[in-house]
Amino acid sequence: QVQLVESGGGSVQVGGSLNLSCAVSRYTDSFDCMGWFRQVPGKEREGVATMFTGGRGSRDYADPVLGRFTISQDNAKKTMYLQMNDLKPEDTAMFYCAAADECPWYARDPLRVGAYHYWGQGTQVTVSS
């Protein structure tokens, strides 16, 4: 059974930074794609940043976080990261990491929430002004 465990969330002020980690029970390269998603109460979960771990190695970001967030992985440590800089109040959410074994849809819709097979329990990020 695949397990994903997020950590690194917390409370920061506007303009601050956080680095989220997602510890995985399998090598990150064993998944076709992985990503970070977020959700606020009353709203649907949305894609934040995803990556295709296969040959292309592409990275994709939601427009609101482009230039501020960076997704990465360390296969040897079985860990995925999300470096978040210049945080804003609208970034406040529960952040989840996810992975999928195969991602034939990735090129068309990399931030597609419903296509990921494995999910963590989430880590809360709160940004205050």
# chains A, B, ... in the order shown; residues from 1 in each chain; ligands from 1
>>> residues_around(residues="Val65 in chain A", least_positions_apart="6", cutoff="12 Å", atoms="only C-alpha atoms", output="PyMOL selection string")
chain A and resi 36-38+46-50+71+82-88+90-91
>>> residues_around(residues="Gly57 in chain A", least_positions_apart="5", cutoff="10 Å", atoms="only C-alpha atoms", output="number ranges by chain")
A: 32-33, 51-52
>>> select_by_dssp(residues="range 3-102 of chain A", states="strand (DSSP E or B)", output="CSV table (one decimal) with N, CA, C and O atoms, in the first residue's frame")
chain,number,residue,atom,x,y,z
A,4,LEU,N,1.6,8.4,1.6
A,4,LEU,CA,2.2,9.7,1.5
A,4,LEU,C,1.9,10.5,2.7
A,4,LEU,O,0.8,10.5,3.2
A,5,VAL,N,3.0,11.1,3.3
A,5,VAL,CA,2.8,11.9,4.5
A,5,VAL,C,3.4,13.3,4.3
A,5,VAL,O,4.6,13.4,4.1
A,6,GLU,N,2.5,14.3,4.4
A,6,GLU,CA,3.0,15.7,4.3
A,6,GLU,C,3.5,16.2,5.6
A,6,GLU,O,3.0,15.8,6.7
A,7,SER,N,4.4,17.2,5.5
A,7,SER,CA,4.8,17.9,6.7
A,7,SER,C,5.3,19.3,6.2
A,7,SER,O,5.5,19.5,5.0
A,10,GLY,N,2.3,25.3,8.4
A,10,GLY,CA,2.3,26.1,9.6
A,10,GLY,C,1.7,27.5,9.3
A,10,GLY,O,1.1,27.7,8.3
A,11,SER,N,2.0,28.4,10.3
A,11,SER,CA,1.5,29.7,10.2
A,11,SER,C,2.6,30.7,9.9
A,11,SER,O,3.6,30.7,10.6
A,12,VAL,N,2.4,31.5,8.8
A,12,VAL,CA,3.5,32.5,8.5
A,12,VAL,C,2.8,33.8,8.2
A,12,VAL,O,1.6,33.9,7.9
A,13,GLN,N,3.6,34.9,8.1
A,13,GLN,CA,3.0,36.2,7.7
A,13,GLN,C,3.2,36.4,6.2
A,13,GLN,O,4.0,35.7,5.6
A,18,LEU,N,7.6,28.8,3.2
A,18,LEU,CA,7.5,27.5,3.8
A,18,LEU,C,7.9,26.5,2.8
A,18,LEU,O,7.8,26.7,1.6
A,19,ASN,N,8.5,25.4,3.3
A,19,ASN,CA,8.9,24.3,2.4
A,19,ASN,C,8.2,23.1,2.8
A,19,ASN,O,8.5,22.5,3.9
A,20,LEU,N,7.2,22.6,2.1
A,20,LEU,CA,6.4,21.4,2.4
A,20,LEU,C,7.2,20.2,1.9
A,20,LEU,O,7.8,20.2,0.9
A,21,SER,N,7.1,19.1,2.7
A,21,SER,CA,7.7,17.8,2.3
A,21,SER,C,6.6,16.8,2.2
A,21,SER,O,5.6,16.8,2.9
A,22,CYS,N,6.8,15.8,1.3
A,22,CYS,CA,5.9,14.7,1.1
A,22,CYS,C,6.7,13.4,1.1
A,22,CYS,O,7.4,13.1,0.2
A,23,ALA,N,6.7,12.7,2.2
A,23,ALA,CA,7.5,11.5,2.4
A,23,ALA,C,6.6,10.3,1.8
A,23,ALA,O,5.5,10.2,2.2
A,24,VAL,N,7.2,9.6,0.9
A,24,VAL,CA,6.5,8.5,0.2
A,24,VAL,C,7.1,7.2,0.5
A,24,VAL,O,8.3,7.0,0.7
A,33,CYS,N,3.7,10.5,-12.4
A,33,CYS,CA,3.5,11.9,-12.0
A,33,CYS,C,3.2,12.1,-10.5
A,33,CYS,O,2.7,11.2,-9.9
A,34,MET,N,3.5,13.3,-10.0
A,34,MET,CA,3.2,13.6,-8.6
A,34,MET,C,2.8,15.1,-8.6
A,34,MET,O,3.1,15.9,-9.5
A,35,GLY,N,2.2,15.5,-7.5
A,35,GLY,CA,1.8,16.9,-7.4
A,35,GLY,C,1.4,17.3,-6.1
A,35,GLY,O,1.2,16.5,-5.1
A,36,TRP,N,1.2,18.6,-6.0
A,36,TRP,CA,0.6,19.3,-4.8
A,36,TRP,C,-0.7,19.9,-5.1
A,36,TRP,O,-0.8,20.6,-6.2
A,37,PHE,N,-1.7,19.8,-4.2
A,37,PHE,CA,-3.0,20.3,-4.4
A,37,PHE,C,-3.4,21.0,-3.1
A,37,PHE,O,-2.8,20.8,-2.0
A,38,ARG,N,-4.4,21.9,-3.2
A,38,ARG,CA,-4.9,22.5,-2.0
A,38,ARG,C,-6.4,22.7,-2.0
A,38,ARG,O,-7.0,22.7,-3.0
A,39,GLN,N,-6.9,22.9,-0.8
A,39,GLN,CA,-8.3,23.0,-0.6
A,39,GLN,C,-8.7,23.8,0.6
A,39,GLN,O,-8.0,23.7,1.7
A,46,GLU,N,-7.9,22.0,-5.6
A,46,GLU,CA,-7.4,22.5,-6.9
A,46,GLU,C,-5.9,22.2,-7.0
A,46,GLU,O,-5.2,22.0,-6.0
A,47,GLY,N,-5.4,22.1,-8.2
A,47,GLY,CA,-4.0,21.8,-8.4
A,47,GLY,C,-3.2,23.0,-8.2
A,47,GLY,O,-3.6,24.1,-8.6
A,48,VAL,N,-2.0,22.8,-7.6
A,48,VAL,CA,-1.1,23.9,-7.3
A,48,VAL,C,0.2,23.7,-8.2
A,48,VAL,O,0.6,24.6,-8.9
A,49,ALA,N,0.8,22.5,-8.1
A,49,ALA,CA,2.0,22.3,-8.8
A,49,ALA,C,2.1,20.8,-9.0
A,49,ALA,O,1.9,20.0,-8.1
A,50,THR,N,2.5,20.4,-10.2
A,50,THR,CA,2.6,19.0,-10.6
A,50,THR,C,3.9,18.8,-11.4
A,50,THR,O,4.4,19.7,-12.0
A,51,MET,N,4.3,17.5,-11.4
A,51,MET,CA,5.5,17.2,-12.2
A,51,MET,C,5.4,15.8,-12.8
A,51,MET,O,4.8,14.9,-12.2
A,52,PHE,N,5.9,15.7,-14.0
A,52,PHE,CA,5.9,14.4,-14.7
A,52,PHE,C,7.3,13.8,-14.5
A,52,PHE,O,8.3,14.4,-14.9
A,59,ARG,N,7.4,20.4,-15.4
A,59,ARG,CA,6.8,20.9,-14.1
A,59,ARG,C,5.7,21.9,-14.6
A,59,ARG,O,5.9,22.6,-15.5
A,60,ASP,N,4.6,21.8,-13.9
A,60,ASP,CA,3.5,22.7,-14.2
A,60,ASP,C,2.9,23.3,-13.0
A,60,ASP,O,2.8,22.7,-11.9
A,61,TYR,N,2.5,24.6,-13.1
A,61,TYR,CA,2.0,25.3,-12.0
A,61,TYR,C,0.7,26.0,-12.3
A,61,TYR,O,0.5,26.5,-13.4
A,69,PHE,N,6.1,29.4,-6.3
A,69,PHE,CA,6.2,28.1,-5.8
A,69,PHE,C,7.1,27.2,-6.7
A,69,PHE,O,7.1,27.5,-7.9
A,70,THR,N,7.8,26.3,-6.1
A,70,THR,CA,8.7,25.4,-6.9
A,70,THR,C,8.5,24.0,-6.4
A,70,THR,O,8.7,23.7,-5.2
A,71,ILE,N,8.2,23.1,-7.3
A,71,ILE,CA,8.0,21.6,-7.0
A,71,ILE,C,9.3,20.9,-7.3
A,71,ILE,O,9.9,21.2,-8.3
A,72,SER,N,9.7,20.0,-6.5
A,72,SER,CA,10.9,19.2,-6.7
A,72,SER,C,10.8,17.8,-6.1
A,72,SER,O,9.9,17.6,-5.3
A,73,GLN,N,11.7,17.0,-6.4
A,73,GLN,CA,11.7,15.6,-5.7
A,73,GLN,C,13.2,15.2,-5.5
A,73,GLN,O,14.1,15.7,-6.1
A,74,ASP,N,13.3,14.3,-4.5
A,74,ASP,CA,14.6,13.7,-4.2
A,74,ASP,C,14.3,12.2,-4.2
A,74,ASP,O,13.8,11.7,-3.2
A,79,THR,N,11.1,11.5,-1.4
A,79,THR,CA,10.4,12.7,-0.9
A,79,THR,C,10.2,13.7,-2.0
A,79,THR,O,11.1,14.0,-2.8
A,80,MET,N,9.1,14.4,-2.0
A,80,MET,CA,8.7,15.4,-2.9
A,80,MET,C,8.6,16.7,-2.1
A,80,MET,O,8.2,16.7,-0.9
A,81,TYR,N,8.9,17.8,-2.7
A,81,TYR,CA,8.9,19.1,-1.9
A,81,TYR,C,8.1,20.1,-2.7
A,81,TYR,O,7.9,20.1,-3.9
A,82,LEU,N,7.6,21.1,-1.9
A,82,LEU,CA,7.0,22.3,-2.5
A,82,LEU,C,7.6,23.5,-1.7
A,82,LEU,O,7.2,23.8,-0.6
A,83,GLN,N,8.5,24.2,-2.4
A,83,GLN,CA,9.0,25.5,-1.8
A,83,GLN,C,8.1,26.6,-2.1
A,83,GLN,O,7.8,26.9,-3.3
A,84,MET,N,7.6,27.3,-1.1
A,84,MET,CA,6.6,28.3,-1.3
A,84,MET,C,7.2,29.6,-0.8
A,84,MET,O,7.5,29.8,0.4
A,93,ALA,N,-4.7,27.3,3.1
A,93,ALA,CA,-5.4,26.2,2.7
A,93,ALA,C,-4.8,24.9,3.3
A,93,ALA,O,-3.7,25.0,3.9
A,94,MET,N,-5.5,23.8,3.2
A,94,MET,CA,-4.9,22.5,3.5
A,94,MET,C,-4.2,22.0,2.2
A,94,MET,O,-4.8,22.0,1.1
A,95,PHE,N,-3.0,21.7,2.3
A,95,PHE,CA,-2.2,21.3,1.2
A,95,PHE,C,-2.0,19.7,1.2
A,95,PHE,O,-1.7,19.2,2.2
A,96,TYR,N,-2.2,19.1,0.1
A,96,TYR,CA,-2.1,17.7,-0.1
A,96,TYR,C,-1.1,17.3,-1.1
A,96,TYR,O,-1.0,18.0,-2.2
A,97,CYS,N,-0.4,16.2,-0.9
A,97,CYS,CA,0.5,15.7,-2.0
A,97,CYS,C,-0.2,14.5,-2.6
A,97,CYS,O,-1.0,13.8,-1.9
A,98,ALA,N,0.1,14.2,-3.8
A,98,ALA,CA,-0.6,13.1,-4.5
A,98,ALA,C,0.4,12.5,-5.5
A,98,ALA,O,1.3,13.1,-6.0
A,99,ALA,N,0.1,11.2,-5.9
A,99,ALA,CA,0.9,10.6,-6.9
A,99,ALA,C,0.0,9.6,-7.8
A,99,ALA,O,-1.1,9.2,-7.3
A,100,ALA,N,0.5,9.3,-9.0
A,100,ALA,CA,-0.2,8.4,-9.8
A,100,ALA,C,0.8,7.5,-10.5
A,100,ALA,O,1.9,7.9,-10.9
>>> select_by_dssp(residues="chain A", states="helix (DSSP H, G or I)", output="VMD selection string")
chain A and resid 28 to 30 63 to 65 75 to 77 89 to 91 113 to 115
>>> atom_distance(atom1="CA of Val125 in chain A", atom2="CA of Arg68 in chain A")
15.0 Å
>>> residues_around(residues="Ser129 in chain A", least_positions_apart="2", cutoff="8 Å", atoms="only C-alpha atoms", output="list in words")
Gln13, Val14, Pro89 and Val127 of chain A
>>> closest_residue(among="A:Lys77, A:Arg45, A:Gln3, A:Ser30", to="Cys103 in chain A", atoms="only C-alpha atoms")
A:Ser30
>>> atom_distance(atom1="CA of Ser58 in chain A", atom2="CA of Glu102 in chain A")
14.8 Å
>>> atom_distance(atom1="CA of Thr28 in chain A", atom2="CA of Gln1 in chain A")
14.4 Å
